[in-house]
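Beneath this line is the structure, given in structure tokens, with notes to follow.
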Amino acid sequence: QAFSNNVKDISGIFLCCNNLVNAPAIPNSEIKIEGAFSQCSNIVNIPEIPNSISSLAYLCFECRNVINAPIIPNGVPNIALSFTGCRNLVNAPEIPANVTYAWGMFRNCTNLAGNINIYSENITSAINCFENTSLDKNVYIPFTYANGEYTKTYNSFINAGYSTTVRKDGALLFDLGI
């Protein structure tokens, strides 16, 4: 059953709801959804995220059976801990340009495979975003270098302890094996 369009906040609404398998659709209105599905251990798919959402922090934190991540809308700046502990998550969503806070976003995603594309040049925190993953592929981040400075995203990943090389097309290649 879908939520009413009059609902303004579903943050934590299904917190620890182990019997939830199919989540209801999220209304396409300004609504808070932080942690809406956190620790729902049996949920498999997260519903489509409307463009009006401003934060996905803790969205499906520790939802160990989530297989596919939803598309992250372009206007979302905060995805901190949004997919932490999604042990069956295989493909990461693309990280859009407006994301600024990505702390722990894929932490403990032990089946994560494939490449991850991060399009933001303004991430200010990337600490632990790939900690304890099985990721053996690459993370691609376009970046700029101007006035002797790299973008915030580049610096955030360097400060988080990831080593990098620069590809010929200008994207960063992060060595996640370190």
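Just remember, in the structure tokens the first chain shown is A, the second B, etc., residues are 1-based per chain, and ligands are 1-based in the order shown.
Those residues in chain A carrying a DSSP assignment of strand (DSSP E), computed from the backbone, are Ile116, Asn117, Val139, Tyr140, Ile141, Pro142, Tyr145, Ala146, Glu149, Tyr150, Ser163, Thr164, Thr165, Val166, Ala171, Leu172, Leu173, Phe174 and Asp175 of chain A.
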Hey, can you spit out that residue selection with N, CA and C atoms as a short mmCIF file (atom, residue, chain, number, x, y, z; two decimals), in the first residue's frame?
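Written file, result.cif:
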data_model
loop_
_atom_site.label_atom_id
_atom_site.label_comp_id
_atom_site.auth_asym_id
_atom_site.auth_seq_id
_atom_site.Cartn_x
_atom_site.Cartn_y
_atom_site.Cartn_z
N ILE A 116 32.10 1.52 -9.73
CA ILE A 116 31.26 2.54 -9.11
C ILE A 116 31.61 3.87 -9.74
N ASN A 117 30.58 4.59 -10.19
CA ASN A 117 30.78 5.90 -10.80
C ASN A 117 30.29 6.98 -9.85
N VAL A 139 36.69 2.52 -8.82
CA VAL A 139 35.80 3.63 -8.53
C VAL A 139 36.24 4.77 -9.43
N TYR A 140 35.35 5.25 -10.26
CA TYR A 140 35.68 6.32 -11.20
C TYR A 140 35.10 7.63 -10.72
N ILE A 141 35.96 8.63 -10.60
CA ILE A 141 35.53 9.94 -10.15
C ILE A 141 36.13 10.98 -11.07
N PRO A 142 35.29 11.71 -11.81
CA PRO A 142 35.84 12.81 -12.60
C PRO A 142 36.33 13.89 -11.63
N TYR A 145 41.40 20.05 -11.50
CA TYR A 145 42.57 20.55 -10.78
C TYR A 145 42.73 22.00 -11.22
N ALA A 146 42.48 22.91 -10.31
CA ALA A 146 42.56 24.34 -10.66
C ALA A 146 43.22 25.10 -9.52
N GLU A 149 44.73 23.15 -6.73
CA GLU A 149 43.86 22.37 -5.84
C GLU A 149 43.06 21.34 -6.63
N TYR A 150 42.90 20.16 -6.05
CA TYR A 150 41.98 19.17 -6.60
C TYR A 150 40.59 19.46 -6.04
N SER A 163 44.42 5.03 -2.18
CA SER A 163 45.46 5.45 -3.10
C SER A 163 44.84 5.55 -4.49
N THR A 164 45.40 6.40 -5.31
CA THR A 164 44.81 6.63 -6.61
C THR A 164 45.85 6.68 -7.72
N THR A 165 45.36 6.44 -8.91
CA THR A 165 46.11 6.75 -10.12
C THR A 165 45.15 7.52 -11.00
N VAL A 166 45.68 8.24 -11.96
CA VAL A 166 44.84 9.03 -12.85
C VAL A 166 44.80 8.35 -14.20
N ALA A 171 39.75 10.64 -15.27
CA ALA A 171 39.05 10.14 -14.08
C ALA A 171 40.06 9.52 -13.12
N LEU A 172 39.67 9.43 -11.88
CA LEU A 172 40.53 8.79 -10.88
C LEU A 172 40.22 7.31 -10.81
N LEU A 173 41.23 6.53 -10.60
CA LEU A 173 41.09 5.11 -10.40
C LEU A 173 41.57 4.84 -8.99
N PHE A 174 40.67 4.43 -8.12
CA PHE A 174 41.02 4.17 -6.73
C PHE A 174 41.40 2.72 -6.56
N ASP A 175 42.49 2.48 -5.89
CA ASP A 175 42.92 1.14 -5.58
C ASP A 175 42.28 0.75 -4.26
#
message = What's around Asn42 of chain A at 7 Å? Count only C-alpha atoms, leave out sequence neighbours fewer than 2 positions away in its own chain, and write the answer as a list in words.
response =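 The filter keeps Asn18, Asn19, Leu20, Val21, Cys40, Val44 and Asn65 of chain A.
Minimum distance to Pro50 of chain A across A:Val90, A:Ile26, A:Ala113, A:Cys17 (counting only C-alpha atoms) occurs at A:Ile26.
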Selection near Ile71 of chain A, 12 Å with only C-alpha atoms, sequence-local residues under 3 positions removed, as a PDB file with C-alpha atoms, in the first residue's frame:
ATOM      1  CA  ASN A  45      13.989  -3.990  -3.090  1.00  0.00           C
ATOM      2  CA  ILE A  46      13.890  -0.368  -2.021  1.00  0.00           C
ATOM      3  CA  PRO A  47      11.186   1.635  -3.824  1.00  0.00           C
ATOM      4  CA  GLU A  48      11.960   4.344  -6.359  1.00  0.00           C
ATOM      5  CA  ILE A  49      13.279   7.503  -4.724  1.00  0.00           C
ATOM      6  CA  PRO A  50      11.455  10.671  -5.841  1.00  0.00           C
ATOM      7  CA  ASN A  51      13.438  13.710  -6.998  1.00  0.00           C
ATOM      8  CA  ILE A  53      14.049  13.839  -1.444  1.00  0.00           C
ATOM      9  CA  LEU A  56      19.047   9.322   1.961  1.00  0.00           C
ATOM     10  CA  ASN A  68      19.471  -3.671  -6.084  1.00  0.00           C
ATOM     11  CA  ASN A  74      20.336  14.292  -8.739  1.00  0.00           C
ATOM     12  CA  GLY A  75      19.303  16.666  -5.949  1.00  0.00           C
ATOM     13  CA  VAL A  76      20.283  14.450  -3.001  1.00  0.00           C
ATOM     14  CA  ILE A  79      23.822   9.526   1.305  1.00  0.00           C
ATOM     15  CA  ASN A  91      25.607  -3.213  -8.058  1.00  0.00           C
ATOM     16  CA  ALA A  92      26.074   0.204  -6.567  1.00  0.00           C
ATOM     17  CA  PRO A  93      23.999   3.087  -7.884  1.00  0.00           C
ATOM     18  CA  GLU A  94      25.715   5.966  -9.662  1.00  0.00           C
ATOM     19  CA  ILE A  95      26.519   8.756  -7.231  1.00  0.00           C
ATOM     20  CA  PRO A  96      25.140  11.997  -8.722  1.00  0.00           C
TER      21      PRO A  96
END
task = Please provide as a PyMOL selection string all residues within 8 Å of Lys8 of chain A, with the sequence filter that same-chain residues fewer than 3 positions apart are discarded (counting only C-alpha atoms).
result = chain A and resi 5+29-32
request  = May I ask for the distance between atom CA of Cys129 of chain A and atom CA of Ala102 of chain A, given in Å to one decimal place?
outcome  =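 Going from atom CA of Cys129 of chain A over to atom CA of Ala102 of chain A, I get 6.7 Å.
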message = Quick check, in Å to one decimal: how far apart do atom CA of Ile158 of chain A and atom CA of Ser38 of chain A lie?
response = 29.0 Å
Computed interatomic separation between atom CA of Thr153 of chain A and atom CA of Val66 of chain A (Å) =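 Value for the atom CA of Thr153 of chain A-atom CA of Val66 of chain A distance: 27.0 Å.
Nearest to Asn155 of chain A of all the residues A:Ser125, A:Glu131, A:Ala97, A:Ser82 is A:Ser125, based on only C-alpha atoms.
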task = Write out as an MDAnalysis selection string all residues of segment 98-165 of chain A that backbone DSSP assigns to helix (DSSP H, G or I).
result = chainID A and resid 152:159
Kindly save the residues from that selection, with C-alpha atoms included, as an mmCIF file, in the first residue's frame.
data_model
loop_
_atom_site.group_PDB
_atom_site.id
_atom_site.type_symbol
_atom_site.label_atom_id
_atom_site.label_comp_id
_atom_site.auth_asym_id
_atom_site.auth_seq_id
_atom_site.Cartn_x
_atom_site.Cartn_y
_atom_site.Cartn_z
ATOM 1 C CA LYS A 152 36.841 18.322 -2.641
ATOM 2 C CA THR A 153 35.878 14.803 -3.701
ATOM 3 C CA TYR A 154 39.428 13.949 -4.725
ATOM 4 C CA ASN A 155 40.799 15.245 -1.432
ATOM 5 C CA SER A 156 38.092 13.479 0.584
ATOM 6 C CA PHE A 157 38.999 10.102 -0.869
ATOM 7 C CA ILE A 158 42.737 10.724 -0.440
ATOM 8 C CA ASN A 159 42.116 11.767 3.179
#
request  = Would you please work out which residue, of A:Thr110, A:Met105, A:Thr151, A:Pro70, is nearest to Asn122 of chain A when using only C-alpha atoms?
outcome  =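 Closest to Asn122 of chain A of all the choices is A:Thr151.
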